[in-house]
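Worksheet: the structure to be examined is printed underneath.
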Amino acid sequence: AQSVTQLGSHVSVSEGALVLLRCNYSSSVPPYLFWYVQYPNQGLQLLLKYTSAATLVKGINGFEAEFKKSETSFHLTKPSAHMSDAAEYFCAVSANTGNQFYFGTGTSLTVIP
Amino acid sequence: GAGVSQSPRYKVAKRGQDVALRCDPISGHVSLFWYQQALGQGPEFLTYFQNEAQLDKSGLPSDRFFAERPEGSVSTLKIQRTQQEDSAVYLCASSLTSRGKVLDTQYFGPGTRLTVL
């Protein structure tokens, strides 16, 4: 079985500051991990995914995430927040043998000017 | 645009009514997924199609929920005798390949917000 836990349902950062959104996973098999972003009234958009290749994954809009097996984590970071980054972010896990995502409860990011 | 579209975007139903939610996937996409997203929660898997075949419906919460994709493109999620707990956003996603594996990027529609009074 797979699951993810996102620590912090709301995160606020100042414009230009580091963004860190936390995700810890649980999986009985080697996981595939994903970060999605959801802007208001829009569908989820894939930011990046980990598929057992490089542990540091770079995504769109300057985001990246690092897979740490020892910590069962896949935290999302961005060096410098931009106002346009304000959105809901979801971490998701799946097994390569399946076709289901298991999503976390989401983290709402607010960027303060 | 060429993205996934869903209609209606908003639906208000009285308890006990039947509703039908439509999903138009990206043209040529073989796999189609339905998710339910309750307020303040992440999306939860409902069902999965590969072309017209419904290969996984393990996430459907009750036999009041029914999904179909008769010609392998447009899909409809039907909810019979709606209950208040059915209130949620229903998301549709499609992906290109026939494998249906999660490595294939899923493209999500904007969702249908269902409110049951």
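Ordering of the structure tokens sets the chain letters (A, B, ...); residue numbers start at 1 within each chain; ligands are numbered from 1 in the order shown.
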When you look at Ala81 in chain A with a cut-off of 10 Å (counting only C-alpha atoms), what residues show up, excluding the ones that are within fewer than 3 positions of it in the same chain? I need them as a ChimeraX atom specification. /A:13-20,62-63,77-78,84-86,109-113
Please report, as a Markdown table, each residue of chain B lying at most 9 Å from chain A, together with the nearest pair of atoms and the separation in Å rounded to one decimal; use only C-alpha atoms, and order rows by chain and ascending residue number.
```
| residue | atom | partner | partner_atom | distance |
| --- | --- | --- | --- | --- |
| B:Val4 | CA | A:Gly43 | CA | 8.8 |
| B:Phe33 | CA | A:Gln100 | CA | 8.8 |
| B:Gly40 | CA | A:Thr105 | CA | 6.8 |
| B:Gln41 | CA | A:Thr105 | CA | 4.5 |
| B:Gly42 | CA | A:Thr105 | CA | 4.3 |
| B:Pro43 | CA | A:Phe103 | CA | 6.1 |
| B:Glu44 | CA | A:Tyr102 | CA | 6.9 |
| B:Phe45 | CA | A:Gln100 | CA | 6.6 |
| B:Thr47 | CA | A:Gln100 | CA | 8.9 |
| B:Tyr48 | CA | A:Asn99 | CA | 7.9 |
| B:Asp56 | CA | A:Asn99 | CA | 8.8 |
| B:Leu91 | CA | A:Gly43 | CA | 7.6 |
| B:Cys92 | CA | A:Gly43 | CA | 8.8 |
| B:Ala93 | CA | A:Gly43 | CA | 8.9 |
| B:Arg99 | CA | A:Asn99 | CA | 8.8 |
| B:Gly100 | CA | A:Asn99 | CA | 5.8 |
| B:Lys101 | CA | A:Asn99 | CA | 4.8 |
| B:Val102 | CA | A:Asn99 | CA | 5.1 |
| B:Leu103 | CA | A:Asn96 | CA | 7.3 |
| B:Thr105 | CA | A:Leu46 | CA | 7.5 |
| B:Gln106 | CA | A:Leu46 | CA | 7.9 |
| B:Tyr107 | CA | A:Gln45 | CA | 7.0 |
| B:Phe108 | CA | A:Gly43 | CA | 5.1 |
| B:Gly109 | CA | A:Gly43 | CA | 4.8 |
| B:Pro110 | CA | A:Gly43 | CA | 3.9 |
| B:Gly111 | CA | A:Gly43 | CA | 6.5 |
```
Could you tell me, as number ranges by chain, which residues of range 22-109 of chain A DSSP assigns to helix (DSSP H, G or I) when given the backbone? A: 60-62, 83-85
Leaving out Phe65 in chain B and any residue of its chain fewer than 5 positions from it, which residues lie within 8 Å of it when counting only C-alpha atoms, given as number ranges by chain? B: 60, 77-80
Spatial neighbours of range 14-21 of chain B, 10 Å, only C-alpha atoms, chain gap at least 2 places, as a VMD selection string: chain B and resid 6 to 12 23 64 to 67 75 to 86 90 to 92 111 to 117
Could you save the residues just selected, with N, CA, C and O atoms, as a tab-separated table (two decimals), in the first residue's frame?
```tsv
chain	number	residue	atom	x	y	z
B	6	GLN	N	-14.10	19.35	-19.12
B	6	GLN	CA	-15.15	18.72	-18.33
B	6	GLN	C	-16.37	19.62	-18.31
B	6	GLN	O	-16.26	20.84	-18.29
B	7	SER	N	-17.53	18.98	-18.31
B	7	SER	CA	-18.76	19.76	-18.22
B	7	SER	C	-19.82	18.98	-17.44
B	7	SER	O	-19.82	17.74	-17.44
B	8	PRO	N	-20.71	19.69	-16.74
B	8	PRO	CA	-20.60	21.13	-16.50
B	8	PRO	C	-19.47	21.44	-15.52
B	8	PRO	O	-18.93	20.54	-14.89
B	9	ARG	N	-19.11	22.68	-15.40
B	9	ARG	CA	-18.09	23.05	-14.43
B	9	ARG	C	-18.68	23.08	-13.02
B	9	ARG	O	-17.97	22.81	-12.05
B	10	TYR	N	-19.94	23.41	-12.91
B	10	TYR	CA	-20.62	23.45	-11.63
B	10	TYR	C	-21.98	22.77	-11.78
B	10	TYR	O	-22.66	22.98	-12.77
B	11	LYS	N	-22.33	22.00	-10.75
B	11	LYS	CA	-23.60	21.32	-10.78
B	11	LYS	C	-24.18	21.31	-9.37
B	11	LYS	O	-23.52	20.91	-8.42
B	12	VAL	N	-25.40	21.79	-9.26
B	12	VAL	CA	-26.12	21.73	-7.99
B	12	VAL	C	-27.27	20.76	-8.15
B	12	VAL	O	-28.05	20.88	-9.10
B	23	CYS	N	-16.58	14.07	-19.43
B	23	CYS	CA	-15.15	14.33	-19.60
B	23	CYS	C	-14.77	14.11	-21.06
B	23	CYS	O	-15.04	13.04	-21.63
B	64	ARG	N	-23.97	3.36	-6.46
B	64	ARG	CA	-24.68	4.51	-7.06
B	64	ARG	C	-23.80	5.21	-8.10
B	64	ARG	O	-24.30	6.02	-8.87
B	65	PHE	N	-22.53	4.90	-8.08
B	65	PHE	CA	-21.57	5.52	-9.00
B	65	PHE	C	-21.33	4.58	-10.18
B	65	PHE	O	-21.04	3.39	-9.99
B	66	PHE	N	-21.41	5.16	-11.36
B	66	PHE	CA	-21.24	4.35	-12.57
B	66	PHE	C	-20.50	5.20	-13.60
B	66	PHE	O	-20.81	6.36	-13.79
B	67	ALA	N	-19.52	4.62	-14.28
B	67	ALA	CA	-18.78	5.35	-15.29
B	67	ALA	C	-18.76	4.53	-16.57
B	67	ALA	O	-18.75	3.30	-16.54
B	75	SER	N	-16.03	10.27	-21.78
B	75	SER	CA	-16.47	9.45	-20.65
B	75	SER	C	-17.52	10.19	-19.84
B	75	SER	O	-17.51	11.43	-19.77
B	76	THR	N	-18.41	9.44	-19.25
B	76	THR	CA	-19.43	10.01	-18.38
B	76	THR	C	-19.40	9.31	-17.03
B	76	THR	O	-19.36	8.08	-16.97
B	77	LEU	N	-19.40	10.09	-15.99
B	77	LEU	CA	-19.53	9.58	-14.63
B	77	LEU	C	-20.95	9.90	-14.17
B	77	LEU	O	-21.35	11.06	-14.17
B	78	LYS	N	-21.67	8.88	-13.82
B	78	LYS	CA	-23.05	9.06	-13.39
B	78	LYS	C	-23.18	8.71	-11.92
B	78	LYS	O	-22.62	7.71	-11.44
B	79	ILE	N	-23.89	9.54	-11.22
B	79	ILE	CA	-24.17	9.30	-9.81
B	79	ILE	C	-25.67	9.27	-9.64
B	79	ILE	O	-26.37	10.24	-9.97
B	80	GLN	N	-26.16	8.15	-9.16
B	80	GLN	CA	-27.60	8.00	-8.96
B	80	GLN	C	-27.97	8.33	-7.52
B	80	GLN	O	-27.18	8.11	-6.59
B	81	ARG	N	-29.15	8.86	-7.36
B	81	ARG	CA	-29.70	9.14	-6.02
B	81	ARG	C	-28.65	9.84	-5.16
B	81	ARG	O	-28.24	9.36	-4.11
B	82	THR	N	-28.24	11.01	-5.62
B	82	THR	CA	-27.15	11.72	-4.97
B	82	THR	C	-27.42	11.96	-3.48
B	82	THR	O	-28.56	12.19	-3.07
B	83	GLN	N	-26.34	11.92	-2.72
B	83	GLN	CA	-26.37	12.18	-1.29
B	83	GLN	C	-25.45	13.37	-1.00
B	83	GLN	O	-24.57	13.70	-1.80
B	84	GLN	N	-25.63	13.96	0.16
B	84	GLN	CA	-24.82	15.13	0.50
B	84	GLN	C	-23.34	14.80	0.53
B	84	GLN	O	-22.50	15.63	0.17
B	85	GLU	N	-23.01	13.59	0.93
B	85	GLU	CA	-21.59	13.22	0.99
B	85	GLU	C	-20.96	13.07	-0.39
B	85	GLU	O	-19.74	12.92	-0.50
B	86	ASP	N	-21.77	13.14	-1.44
B	86	ASP	CA	-21.22	13.10	-2.79
B	86	ASP	C	-20.70	14.47	-3.23
B	86	ASP	O	-20.05	14.58	-4.27
B	90	TYR	N	-15.11	16.63	-9.02
B	90	TYR	CA	-14.81	15.40	-9.74
B	90	TYR	C	-13.86	15.74	-10.89
B	90	TYR	O	-14.18	16.54	-11.76
B	91	LEU	N	-12.69	15.14	-10.80
B	91	LEU	CA	-11.62	15.41	-11.77
B	91	LEU	C	-11.48	14.27	-12.75
B	91	LEU	O	-11.57	13.10	-12.37
B	92	CYS	N	-11.23	14.63	-13.96
B	92	CYS	CA	-10.95	13.66	-15.02
B	92	CYS	C	-9.52	13.90	-15.49
B	92	CYS	O	-9.05	15.05	-15.54
B	111	GLY	N	-12.17	20.04	-13.67
B	111	GLY	CA	-13.07	19.46	-12.68
B	111	GLY	C	-14.50	19.95	-12.79
B	111	GLY	O	-14.78	21.00	-13.39
B	112	THR	N	-15.40	19.18	-12.20
B	112	THR	CA	-16.80	19.57	-12.03
B	112	THR	C	-17.08	19.63	-10.54
B	112	THR	O	-16.87	18.64	-9.83
B	113	ARG	N	-17.52	20.79	-10.09
B	113	ARG	CA	-17.85	20.93	-8.67
B	113	ARG	C	-19.32	20.57	-8.47
B	113	ARG	O	-20.21	21.27	-8.97
B	114	LEU	N	-19.55	19.48	-7.76
B	114	LEU	CA	-20.91	19.01	-7.49
B	114	LEU	C	-21.29	19.38	-6.07
B	114	LEU	O	-20.57	19.06	-5.12
B	115	THR	N	-22.42	20.04	-5.95
B	115	THR	CA	-22.98	20.37	-4.64
B	115	THR	C	-24.34	19.72	-4.53
B	115	THR	O	-25.21	19.95	-5.38
B	116	VAL	N	-24.51	18.89	-3.52
B	116	VAL	CA	-25.78	18.21	-3.29
B	116	VAL	C	-26.45	18.84	-2.07
B	116	VAL	O	-25.88	18.85	-0.98
B	117	LEU	N	-27.64	19.37	-2.30
B	117	LEU	CA	-28.35	20.07	-1.23
B	117	LEU	C	-29.31	19.15	-0.48
B	117	LEU	O	-29.80	18.17	-1.05
```
What is the CA of Phe67 in chain A to CA of Ala54 in chain A distance in Å?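 Distance reported for this atom pair: 8.5 Å.
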Among range 18-113 of chain B, which residues carry a DSSP assignment of strand (DSSP E), reported as number ranges by chain? B: 19-24, 31-37, 44-50, 53-56, 65-68, 75-79, 88-95, 107-108, 112-113
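Every protein, DNA or RNA residue with an atom at most 8 Å from Ala38 in chain B, where only C-alpha atoms count and chain neighbours fewer than 5 positions away do not, is listed here: B:Pro43, B:Ser87, B:Ala88, B:Val89.
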Got time to write the residues from that selection, N, CA and C atoms, as a compact mmCIF listing (two decimals), in the first residue's frame?
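Dumped to result.txt:
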```
# COMPACT_ATOMS: atom_id res chain seq x y z
N PRO B 43 -7.07 14.58 -4.31
CA PRO B 43 -7.91 13.73 -5.17
C PRO B 43 -7.80 12.26 -4.77
N SER B 87 -20.98 15.49 -2.45
CA SER B 87 -20.50 16.84 -2.79
C SER B 87 -18.98 16.84 -2.82
N ALA B 88 -18.42 17.24 -3.95
CA ALA B 88 -16.97 17.21 -4.15
C ALA B 88 -16.68 17.77 -5.53
N VAL B 89 -15.40 17.90 -5.83
CA VAL B 89 -14.98 18.19 -7.19
C VAL B 89 -14.59 16.86 -7.84
```
Distance CA of Tyr25 in chain A-CA of Phe74 in chain A, one decimal place?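 Rounded to one decimal, the two atoms are 7.6 Å apart.
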Just give me the gap between CA of Ser58 in chain B and CA of Leu46 in chain B in Å, one decimal is fine.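 Calculated distance between CA of Ser58 in chain B and CA of Leu46 in chain B is 6.7 Å.
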Find the spatial neighbours of Ser28 in chain A, counting only C-alpha atoms, within a cut-off of 10 Å - ignore same-chain residues fewer than 4 positions away - and output them as a PyMOL selection string. chain A and resi 1-3+95
